[in-house]
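Contents: one structure, followed by commentary.
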Amino acid sequence: MLKSKTFVKKTRSGGVMKVVREHYLRDDIWCGSEVCTECKQESTVLQKDACMESSLCSYPHYLVPDTNVVLHQIDILEDPVICNVIILQTVLQEVRHRSAPVYKRLKDIIHEKEKHFYTFTNEHHRDTFIEREPGESANDRNDRAIRVAVKWYSQHLKTFESDTDGLKVVLLTNDQGNKQKAQDNGLLVYKCEEYVKSLIANPELVDRLALSSDDKSEITSSKVLFPEHFPLSRIQTGIKSGSFLQGTFRASRDNYLEATVFVQGEGEDSTEVLIQGLQNLNRAVHQDVVAVQLLPRSEWVAPSSVVLQDEGTGKDDEDAEEEEGNLRTAAAEAARKPTGKVVGVIKRNWRPFCGMLNVSQIKESTRHLFTPADRRIPRIRIETRQASTLAGQRIMVAIDGWPKDSRYPNGHFVRSLGGAGEKETEEEVLLLEHDVPHQAFSQAVLSFLPKVPWAITPEDMMKREDLRPLTVCSVDPPGCTDIDDALHCRELENGNLEVGVHIADVSHFIRPGNALDKEAANRGTTVYLCGKRIDMVPELLSSNLCSLRSNVDRLAFSCIWEINHKAEILKTRFTKSVINSKASLTYAEAQMRIDDTSKNDDITKSLRGLNKLAKILKRQRIEKGALTLSSLEVRFHMDSETHDPIDLQTKELMETNSMVEEFMLLANISVAQKIYDEFPECALLRKHPAPPPSNYDILIKAAKSKEVEVHTDSAKALADSLDAAKVDGFPYFNTLLRILATRCMMQAVYFCSGMDSDFHHYGLASPIYTHFTSPIRRYADIIVHRLLAVAIGADTTYPDLMDKHKQSALCNNLNYRHKMSQYAQRASVAFHTQLFFKSRGILNEEGFILFVRKNAIIVLIPKFGLEGTVFFDSKDKVSPNIVFEEEGPTLSVEQHKFHIFDKVKVTISLDDSNIQHQKIRMALIEPVIPGVSVPAPDTETPAKKQKLDR
C-alpha cells in the first residue's frame with residue numbers, strides 16, 4: 001500500500017520543482033510477541049512470562065517508553081532487570097536525531113538477545129501510521145503516533161486473551177499532557193519513576209532514575225545563586241552580531257573558580273577568554289559549548305597562579321566568595337587577558353562520570369554529594385538509599401541538570417565499579433575517564449577475521465614481490481608482540497646500498513567498511529598502559545598474523561630506497577611484498593651485535609649499515625632545524641605474581657633506538673610525498689604547527705635565569721640555541737631546558753590535504769609528513785596504506801577514501817583518540833608510581849624546580865621521572881612570608897629565593913588520606929628554611945626495618 005504526497009518547492013535559481021514523497025505501508029509487519037499466532041513470525045523477541053515483578057502491574061506486561069524516557073532514563077533501560085520492551089520506530093528516529101550517544105546505547109541494548117527489546121516499525125504499519133494534522137506540532141504528532149501504536153498493540157494482543165492471562169502493554173512517559181491523553185484513550189500509562197518505584201525485587205533501581213524537572217525544585221534552595229541562561233534564539237542573534245562569542249568551556253584542573261573558553265577563529269585568530277568566579281562560570285561544565293559575553297576592559301584580569309581545590313565537604317558560598325576575592329587581588333597587577341562571563345549553554349557535553357560518594361553526615365539522609373575523579377568536573381548532588389554500601393567504592397554518576405538555585409548540579413547513580421584503590425577498579429576508571437573503548441571485540445567484528453590456520457595463497461604471491469631471501473630483522477622494546485616494522489640493508493653491485501623498511505600489511509586483512517574496519521576506525525589507536533595493552537585490532541591480527549615475527553612468512557608493504565654512502569636517496573619504490581624476518585631483536589640485543597667486533601654475520605652487517613646511515617640522516621635532519629627534545633619516560637619492573645611495580649627507572653635510549661627512528665621517519669616522509677602527489681585533495685597527512693611566540697616565555701625566562709639566551713624565531717634557531725645551552729658545573733641543565741621546550745610545543749595532528757594549506761612539521765623540520773609505519777596500532781596508517789596501494793596500482797579505491805570531508809571527520813576522531821590515549825598512559829604511570837611509593841615509605845631525593853607558582857614550586861625528580869608540588873601555604877599552620885615576582889619568575893619564602901632549575905632536596909611520600917585523589921607529597925629538606933623544611937625522615941623502608949629488627 002502506497003501513500004504519496006506532492007508539493008512544490010522553489011529552487012535557488014528562482015524556478016519551481018515538483019517533489020513527490022512516497023511512503024510505503026505494509027500489513028505484514030510482525031508484532032514480535034511469542035503469544036501471537038496471527039503475525040507470520042520467523043522468530044519472536046517478546047516473551048510472555050519473563051516480566052518484571054511490579055506492585056502496579058501484577059500481570060504479565062510489555063513496556064513502551066516514549067522518546068523522553070529513552071533519552072533521560074537510558075541507565076534504567078540498560079539494567080538487566082528491564083526486559084520485554086517495545087521500541088517504536090517513531091522513538092528510535094527521534095532519539096537518533098536528538099542524541100547520538102543515547103542512540104548508540106539503545107541500539108546496543110536492542111542487539112542483546114537476553115534483554116528482549118523489540119523494534120516495531122509503526123511508521124510503516126498500515127494500522128499504526130498516522131498523518132500530521134493541520135496546526136499539529138511534530139512533537140505532538142509523534143506523541144500521538146506512540147499512543148496509536150500502544151492502542152494497536154493492546155487490541156492486537158487481546159485477541160489471544162485465553163493464552164495470555166491478560167497480557168498488557170504499558171506506556172511509560174514523563175510528559176503530563178501525553179499521560180493524560182493516554183488515560184483518556186483507555187491506555188495503561190505510568191510515569192517512569194512511578195513504575196520503577198513499583199519494582200518490588202529491585203529497590204536499588206530507584207537510584208538510577210534521572211531527576212525530572214518536577215523533582216529538582218525540592219532539592220534546591222529558594223536563593224538564586226546563578227544568572228538565568230539566555231534562550232537559544234537570543235544567543236544565536238548575539239553570536240551573529242558579535243556581542244557574544246561561542247566556544248568550548250575548559251575548566252581549570254588547579255582552580256575550581258577559573259576556566260577558559262576556547263573560541264575557534266580563522267587560521268591563527270583563535271582566542272581564549274578567561275572566566276573567573278562562580279557567577280561568571282554560571283553552571284558550565286568542562287567541554288560544554290557555551291556562549292560568552294566579554295566584560296568591559298576595566299574588569300579584565302590575569303589567570304591566577306594560585307592552586308585552589310574545591311575539596312569542600314559542602315563548602316558554602318561565603319567561602320567561595322572569599323576565595324574569589326583573593327584571586328582578584330592577587331591577579332590585579334599582572335598581565336590581563338580578555339575576561340568574560342557565560343550567558344548560555346549551546347550544547348552540554350555531559351557523560352557518566354567516575355568518582356566517589358561523600359556520605360552525608362545527616363542521619364537517615366538520602367541526599368549526598370559525589371566527587372568526580374576528574375577535578376575539572378563539579379561535585380554532583382545525588383539521591384541514593386545505598387550510601388553505606390557505596391562508601392569506599394568507585395561509582396559512576398550522570399548529571400541530570402543544574403538549576404540556578406543550586407550550588408551543585410543534580411544527578412543520579414549509574415553503577416558501581418568496585419573498591420577504590422583496587423588495581424582492576426582503578427584501571428577501569430582510568431579507561432572510562434579517558435573515553436578509551438576497551439570492551440571485548442563483538443562477534444560481528446570477529447566474524448571478519450581470517451580463518452585459522454591461515455596461509456599465504458598463490459593468488460597473494462602473484463600480486464607481491466617475494467622478498468623472503470633478504471636478511472630482514474626487527475628491532476623493538478623487550479616483550480613487544482605487535483611488531484609493525486622490520487628493516488634490511490645490503491650492498492648493491494654498483495657500490496650503493498639498498499635499504500628496505502617493511503611494514504605489516506594490515507590493510508590486506510581489514511577491508512573498508514566492514515565491522516572490523518569500523519571498530520578499528522572508532523578505536524583509532526592501541527593504548528599502552530603499564531602492564532596492559534588495549535588493542536585497536538583483535539589479537540589474532542595484532543600479535544599473530546600481522547606481527548612481523550621471525551622465521552615465519554608475513555605479508556608486508558615495503559618502501560625500498562637505493563642510497564649512496566652519503567645517505568643521499570637515489571631511487572625510491574613501494575611494493576606489496578612477502579618477507580621472512582631472520583631475527584626479532586630488542587634494542588639492547590641489536591646494540592650488542594653492532595658493538596661486538598667478533599660478529600660478522602649477515603644480520604649484524606645489515607644492522608651496522610643501517611646504523612651508519614642513520615647517524616648521517618640524523619645529522620642532516622638536525623642541520624635542517626629538526627628539534628631534539630626531551631621527556632622523561634619511566635619503565636616499571638613488575639613483580640611476576642602480584643603485577644605490582646617493584647622498581648622504577650627512567651628509560652635509557654640507545655643508538656639502536658635512534659637507528660630505527662631515522663628509517664621510520666624517512667619512510668613516513670617518502671610515503672607522504674607519494675600519496676600527496678597522487679591524491680592532492682584527500683591525502684591523510686600529519687602536521688606539527690609552530691608554537692605561538694608567547695608559548696616560549698617560560699623557556700626564555702628559565703634560560704635567562706642562568707644567563708643563557710634562547711632564540712625562538714625558527715625551529716633551526718631554537719635547535720641551535722638548545723645545542724649551545726650549557727652551564728658550568730650543571731651538566732643536567734641542557735636536559736632540563738629540553739624538557740621545558742617540549743612543554744612549549746603544540747600537539748601534532750592528522751589532517752586531510754584538501755582541507756588545509758599548511759603541511760609543515762615543525763619538530764621534524766619537514767615540509768610534509770604522515771604515518772605509515774605502525775598500522776597494527778594506529779588507524780591513520782591503515783588509511784595511508786590504502787592510499788599508497790591505490791597509488792601504485794596494488795589495490796582498488798572506494799568512495800570514502802576519496803571524500804575529503806569524510807577524511808577530515810576521520811582525522812578529528814583520530815586526533816581525539818590519540819590525545820586521550822596519551823592522557824590515559826600518563827594516568828596509568830601516575831597510578832603505578834603511587835603503588836610503587838606506597839610500599840616504599842618516605843624517600844629523600846634530589847630534584848630540580850621546573851615551575852615557580854605563587855604559593856608553590858613544582859619539582860622534577862629525574863631518578864623517577866616524577867613531578868610533584870611543594871606547597872608553602874598550609875591550612876593547618878601559620879604560612880611563612882611569601883613574595884612572588886612574575887618577572888623572574890621567582891618565589892621568596894622567608895629569606896630564600898627560588899628560581900626555575902634550582903636544585904632542591906625533598907622527601908617523597910604517598911598521601912592516601914583521600915583515597916580517590918591519592919597524591920605524591922613532596923616536602924622540602926634542602927635548602928633549609930625555618931618553619932618550612934621538614935627534618936629528613938628515616939629512609940629505611942618497612943621491609944628493610946623488619947630485617948634489621950630480626
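Here's how to read the names in the C-alpha cells: chain A, B, ... by the order shown, residue numbers from 1 in each chain, ligand numbers from 1 in the order shown.
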Need the shell around Asn185 of chain A: protein/DNA/RNA residues with any atom at most 9 Å away, counting only C-alpha atoms. Skip same-chain ones fewer than 4 positions apart. Format as an mmCIF file with N, CA and C atoms, in the first residue's frame?
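Output saved as out_33.cif:
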```
data_model
loop_
_atom_site.group_PDB
_atom_site.id
_atom_site.type_symbol
_atom_site.label_atom_id
_atom_site.label_comp_id
_atom_site.auth_asym_id
_atom_site.auth_seq_id
_atom_site.Cartn_x
_atom_site.Cartn_y
_atom_site.Cartn_z
ATOM 1 N N ARG A 147 0.930 6.817 21.041
ATOM 2 C CA ARG A 147 -0.319 6.370 21.686
ATOM 3 C C ARG A 147 -1.100 5.425 20.757
ATOM 4 N N LYS A 151 -2.120 1.555 21.560
ATOM 5 C CA LYS A 151 -3.527 1.108 21.496
ATOM 6 C C LYS A 151 -3.633 -0.118 20.568
ATOM 7 N N GLN A 180 -2.053 12.194 30.277
ATOM 8 C CA GLN A 180 -3.485 12.459 30.398
ATOM 9 C C GLN A 180 -4.231 11.972 29.162
ATOM 10 N N LYS A 181 -3.684 12.279 27.965
ATOM 11 C CA LYS A 181 -4.352 11.870 26.708
ATOM 12 C C LYS A 181 -4.381 10.340 26.598
#
```
If we count only C-alpha atoms, what is near segment 79-92 of chain A at a cut-off of 9 Å, once residues fewer than 5 positions away on the same chain are taken out, given as JSON, numbers by chain?
{"A": [32, 45, 46, 47, 48, 50, 51, 52, 61, 62, 63, 64, 65, 66, 67, 68, 70, 74, 97, 103, 106, 107, 110, 114, 115, 116, 117, 118, 119, 120, 121, 122, 123, 124, 142, 143, 145, 146, 149, 202, 205]}
Create the file for the chosen residues now, containing C-alpha atoms and written as a PDB file, in the first residue's frame.
```pdb
ATOM      1  CA  GLY A  32       7.316  -9.689  17.887  1.00  0.00           C
ATOM      2  CA  VAL A  45      11.538 -11.470  20.735  1.00  0.00           C
ATOM      3  CA  LEU A  46       8.954 -10.508  23.360  1.00  0.00           C
ATOM      4  CA  GLN A  47       8.298 -13.219  25.943  1.00  0.00           C
ATOM      5  CA  LYS A  48       5.096 -13.948  27.802  1.00  0.00           C
ATOM      6  CA  ALA A  50       9.677 -13.214  31.969  1.00  0.00           C
ATOM      7  CA  CYS A  51       8.104  -9.994  33.220  1.00  0.00           C
ATOM      8  CA  MET A  52       9.210  -7.543  35.889  1.00  0.00           C
ATOM      9  CA  HIS A  61       3.194  -6.854  30.552  1.00  0.00           C
ATOM     10  CA  TYR A  62       5.341  -5.249  27.880  1.00  0.00           C
ATOM     11  CA  LEU A  63       6.767  -1.739  28.245  1.00  0.00           C
ATOM     12  CA  VAL A  64       6.651   1.018  25.588  1.00  0.00           C
ATOM     13  CA  PRO A  65       8.843   4.015  26.601  1.00  0.00           C
ATOM     14  CA  ASP A  66       8.317   7.342  24.817  1.00  0.00           C
ATOM     15  CA  THR A  67      11.238   9.358  23.397  1.00  0.00           C
ATOM     16  CA  ASN A  68      11.980  11.413  26.528  1.00  0.00           C
ATOM     17  CA  VAL A  70      14.622   6.735  26.417  1.00  0.00           C
ATOM     18  CA  ILE A  74      18.718   5.085  29.335  1.00  0.00           C
ATOM     19  CA  HIS A  97      18.039  12.842  15.738  1.00  0.00           C
ATOM     20  CA  TYR A 103      21.055   6.200  20.159  1.00  0.00           C
ATOM     21  CA  LEU A 106      19.839   1.962  22.657  1.00  0.00           C
ATOM     22  CA  LYS A 107      20.991   0.053  19.537  1.00  0.00           C
ATOM     23  CA  ILE A 110      18.320  -3.949  21.127  1.00  0.00           C
ATOM     24  CA  GLU A 114      18.589 -11.736  26.621  1.00  0.00           C
ATOM     25  CA  LYS A 115      17.049  -8.222  27.025  1.00  0.00           C
ATOM     26  CA  HIS A 116      14.141  -8.982  24.638  1.00  0.00           C
ATOM     27  CA  PHE A 117      13.889  -5.460  23.212  1.00  0.00           C
ATOM     28  CA  TYR A 118      11.819  -5.398  20.000  1.00  0.00           C
ATOM     29  CA  THR A 119      11.827  -2.639  17.387  1.00  0.00           C
ATOM     30  CA  PHE A 120       8.354  -2.189  15.889  1.00  0.00           C
ATOM     31  CA  THR A 121       8.221  -0.225  12.617  1.00  0.00           C
ATOM     32  CA  ASN A 122       4.984   1.567  13.435  1.00  0.00           C
ATOM     33  CA  GLU A 123       5.624   4.264  10.785  1.00  0.00           C
ATOM     34  CA  HIS A 124       5.222   1.629   8.015  1.00  0.00           C
ATOM     35  CA  ASN A 142       4.933  11.847  17.413  1.00  0.00           C
ATOM     36  CA  ASP A 143       3.306  11.587  20.856  1.00  0.00           C
ATOM     37  CA  ALA A 145       1.793   8.110  16.923  1.00  0.00           C
ATOM     38  CA  ILE A 146       3.159   6.471  20.107  1.00  0.00           C
ATOM     39  CA  ALA A 149       0.824   2.157  18.402  1.00  0.00           C
ATOM     40  CA  ASN A 202      14.778  -4.182  42.775  1.00  0.00           C
ATOM     41  CA  LEU A 205      16.959   0.737  40.628  1.00  0.00           C
TER      42      LEU A 205
END
```
Segment 828-855 of chain A residues near segment 908-932 of chain A within 8 Å, closest pair each, using only C-alpha atoms, as JSON lines:
```
{"residue": "A:Gln834", "atom": "CA", "partner": "A:Leu910", "partner_atom": "CA", "distance": 6.5}
{"residue": "A:Phe837", "atom": "CA", "partner": "A:Leu910", "partner_atom": "CA", "distance": 6.0}
{"residue": "A:Lys838", "atom": "CA", "partner": "A:Leu910", "partner_atom": "CA", "distance": 5.9}
{"residue": "A:Gly841", "atom": "CA", "partner": "A:Ser909", "partner_atom": "CA", "distance": 6.3}
{"residue": "A:Ile842", "atom": "CA", "partner": "A:Ser909", "partner_atom": "CA", "distance": 4.8}
{"residue": "A:Leu843", "atom": "CA", "partner": "A:Ile908", "partner_atom": "CA", "distance": 5.2}
{"residue": "A:Asn844", "atom": "CA", "partner": "A:Ile908", "partner_atom": "CA", "distance": 6.2}
{"residue": "A:Glu845", "atom": "CA", "partner": "A:Ile908", "partner_atom": "CA", "distance": 7.3}
```
Go ahead and write the residues just picked, N, CA and C atoms, as a short mmCIF file (atom, residue, chain, number, x, y, z; two decimals), in the first residue's frame.
```
data_model
loop_
_atom_site.label_atom_id
_atom_site.label_comp_id
_atom_site.auth_asym_id
_atom_site.auth_seq_id
_atom_site.Cartn_x
_atom_site.Cartn_y
_atom_site.Cartn_z
N GLN A 834 52.25 5.69 42.27
CA GLN A 834 51.68 5.72 43.62
C GLN A 834 51.81 4.34 44.28
N PHE A 837 55.37 3.91 45.48
CA PHE A 837 55.74 4.65 46.70
C PHE A 837 54.95 4.18 47.92
N LYS A 838 53.81 3.55 47.68
CA LYS A 838 53.01 3.04 48.80
C LYS A 838 53.82 2.03 49.61
N GLY A 841 57.44 3.69 51.81
CA GLY A 841 57.53 4.64 52.93
C GLY A 841 57.95 6.00 52.41
N ILE A 842 58.84 6.67 53.17
CA ILE A 842 59.27 8.02 52.77
C ILE A 842 60.70 7.96 52.25
N LEU A 843 60.93 8.60 51.08
CA LEU A 843 62.27 8.61 50.49
C LEU A 843 62.78 10.05 50.38
N ASN A 844 64.10 10.20 50.43
CA ASN A 844 64.72 11.52 50.17
C ASN A 844 65.33 11.48 48.78
N GLU A 845 65.07 12.52 47.97
CA GLU A 845 65.66 12.54 46.64
C GLU A 845 66.01 13.97 46.23
#
```
Strand (DSSP E or B) call set, DSSP backbone run, segment 516-610 of chain A, as a PyMOL selection string:
chain A and resi 525+527-529+532-534+550+553-563+569-581+583-586
How would the residues just chosen look if you wrote them out with N, CA and C atoms as an mmCIF file, in the first residue's frame?
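Output contents, as saved in again.cif:
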```cif
data_model
loop_
_atom_site.group_PDB
_atom_site.id
_atom_site.type_symbol
_atom_site.label_atom_id
_atom_site.label_comp_id
_atom_site.auth_asym_id
_atom_site.auth_seq_id
_atom_site.Cartn_x
_atom_site.Cartn_y
_atom_site.Cartn_z
ATOM 1 N N THR A 525 43.495 3.925 17.858
ATOM 2 C CA THR A 525 44.877 3.644 18.283
ATOM 3 C C THR A 525 44.882 2.548 19.342
ATOM 4 N N VAL A 527 46.159 1.428 22.942
ATOM 5 C CA VAL A 527 46.529 2.196 24.145
ATOM 6 C C VAL A 527 47.424 1.326 25.017
ATOM 7 N N TYR A 528 48.616 1.835 25.319
ATOM 8 C CA TYR A 528 49.584 1.077 26.128
ATOM 9 C C TYR A 528 49.562 1.597 27.561
ATOM 10 N N LEU A 529 49.041 0.783 28.476
ATOM 11 C CA LEU A 529 49.078 1.122 29.900
ATOM 12 C C LEU A 529 50.229 0.326 30.526
ATOM 13 N N LYS A 532 49.672 -3.508 30.512
ATOM 14 C CA LYS A 532 48.439 -3.886 29.818
ATOM 15 C C LYS A 532 48.341 -3.132 28.504
ATOM 16 N N ARG A 533 47.740 -3.793 27.506
ATOM 17 C CA ARG A 533 47.599 -3.158 26.198
ATOM 18 C C ARG A 533 46.143 -3.259 25.757
ATOM 19 N N ILE A 534 45.544 -2.159 25.325
ATOM 20 C CA ILE A 534 44.176 -2.198 24.789
ATOM 21 C C ILE A 534 44.314 -2.129 23.273
ATOM 22 N N SER A 550 59.820 -13.409 13.731
ATOM 23 C CA SER A 550 60.925 -14.026 12.980
ATOM 24 C C SER A 550 60.585 -15.447 12.545
ATOM 25 N N ASP A 553 56.597 -16.600 7.331
ATOM 26 C CA ASP A 553 56.281 -15.741 6.182
ATOM 27 C C ASP A 553 55.186 -14.749 6.580
ATOM 28 N N ARG A 554 55.384 -13.499 6.205
ATOM 29 C CA ARG A 554 54.397 -12.474 6.535
ATOM 30 C C ARG A 554 54.175 -11.534 5.347
ATOM 31 N N LEU A 555 52.936 -11.047 5.220
ATOM 32 C CA LEU A 555 52.623 -10.061 4.181
ATOM 33 C C LEU A 555 53.089 -8.689 4.653
ATOM 34 N N ALA A 556 53.718 -7.930 3.755
ATOM 35 C CA ALA A 556 54.234 -6.616 4.145
ATOM 36 C C ALA A 556 53.974 -5.598 3.037
ATOM 37 N N PHE A 557 54.143 -4.326 3.415
ATOM 38 C CA PHE A 557 54.142 -3.230 2.446
ATOM 39 C C PHE A 557 55.542 -2.638 2.573
ATOM 40 N N SER A 558 56.320 -2.669 1.494
ATOM 41 C CA SER A 558 57.737 -2.308 1.604
ATOM 42 C C SER A 558 58.040 -0.980 0.913
ATOM 43 N N CYS A 559 58.888 -0.225 1.561
ATOM 44 C CA CYS A 559 59.406 1.021 0.998
ATOM 45 C C CYS A 559 60.919 0.791 0.839
ATOM 46 N N ILE A 560 61.404 0.811 -0.417
ATOM 47 C CA ILE A 560 62.807 0.418 -0.673
ATOM 48 C C ILE A 560 63.544 1.562 -1.374
ATOM 49 N N TRP A 561 64.699 1.921 -0.831
ATOM 50 C CA TRP A 561 65.499 3.009 -1.419
ATOM 51 C C TRP A 561 66.840 2.471 -1.914
ATOM 52 N N GLU A 562 67.348 3.127 -2.951
ATOM 53 C CA GLU A 562 68.762 2.986 -3.290
ATOM 54 C C GLU A 562 69.431 4.235 -2.732
ATOM 55 N N ILE A 563 70.433 4.023 -1.869
ATOM 56 C CA ILE A 563 71.051 5.129 -1.134
ATOM 57 C C ILE A 563 72.570 5.049 -1.322
ATOM 58 N N ILE A 569 69.386 9.838 -1.194
ATOM 59 C CA ILE A 569 68.455 8.875 -1.809
ATOM 60 C C ILE A 569 68.501 9.037 -3.331
ATOM 61 N N LEU A 570 68.770 7.929 -4.007
ATOM 62 C CA LEU A 570 68.877 7.968 -5.474
ATOM 63 C C LEU A 570 67.581 7.474 -6.130
ATOM 64 N N LYS A 571 66.946 6.471 -5.512
ATOM 65 C CA LYS A 571 65.691 5.927 -6.053
ATOM 66 C C LYS A 571 64.807 5.497 -4.887
ATOM 67 N N THR A 572 63.487 5.617 -5.087
ATOM 68 C CA THR A 572 62.533 5.130 -4.069
ATOM 69 C C THR A 572 61.477 4.305 -4.785
ATOM 70 N N ARG A 573 61.132 3.154 -4.230
ATOM 71 C CA ARG A 573 59.997 2.417 -4.789
ATOM 72 C C ARG A 573 59.184 1.778 -3.663
ATOM 73 N N PHE A 574 57.908 1.528 -3.960
ATOM 74 C CA PHE A 574 56.996 0.945 -2.974
ATOM 75 C C PHE A 574 56.414 -0.323 -3.580
ATOM 76 N N THR A 575 56.293 -1.357 -2.785
ATOM 77 C CA THR A 575 55.722 -2.600 -3.304
ATOM 78 C C THR A 575 55.063 -3.405 -2.192
ATOM 79 N N LYS A 576 53.973 -4.109 -2.538
ATOM 80 C CA LYS A 576 53.425 -5.105 -1.607
ATOM 81 C C LYS A 576 54.365 -6.305 -1.699
ATOM 82 N N SER A 577 54.629 -6.945 -0.560
ATOM 83 C CA SER A 577 55.668 -7.981 -0.566
ATOM 84 C C SER A 577 55.335 -9.122 0.394
ATOM 85 N N VAL A 578 56.181 -10.161 0.320
ATOM 86 C CA VAL A 578 56.157 -11.236 1.328
ATOM 87 C C VAL A 578 57.572 -11.278 1.897
ATOM 88 N N ILE A 579 57.692 -11.244 3.227
ATOM 89 C CA ILE A 579 59.027 -11.266 3.862
ATOM 90 C C ILE A 579 59.107 -12.413 4.860
ATOM 91 N N ASN A 580 60.326 -12.731 5.259
ATOM 92 C CA ASN A 580 60.528 -13.700 6.327
ATOM 93 C C ASN A 580 61.662 -13.140 7.203
ATOM 94 N N SER A 581 61.271 -12.561 8.346
ATOM 95 C CA SER A 581 62.256 -11.905 9.217
ATOM 96 C C SER A 581 63.223 -12.945 9.789
ATOM 97 N N ALA A 583 65.326 -12.315 12.375
ATOM 98 C CA ALA A 583 65.540 -12.166 13.830
ATOM 99 C C ALA A 583 64.624 -11.077 14.384
ATOM 100 N N SER A 584 64.059 -11.340 15.587
ATOM 101 C CA SER A 584 63.302 -10.313 16.318
ATOM 102 C C SER A 584 64.171 -9.887 17.491
ATOM 103 N N LEU A 585 64.785 -8.724 17.382
ATOM 104 C CA LEU A 585 65.760 -8.294 18.394
ATOM 105 C C LEU A 585 65.195 -7.182 19.267
ATOM 106 N N THR A 586 65.715 -7.073 20.500
ATOM 107 C CA THR A 586 65.420 -5.897 21.327
ATOM 108 C C THR A 586 66.473 -4.840 20.975
#
```
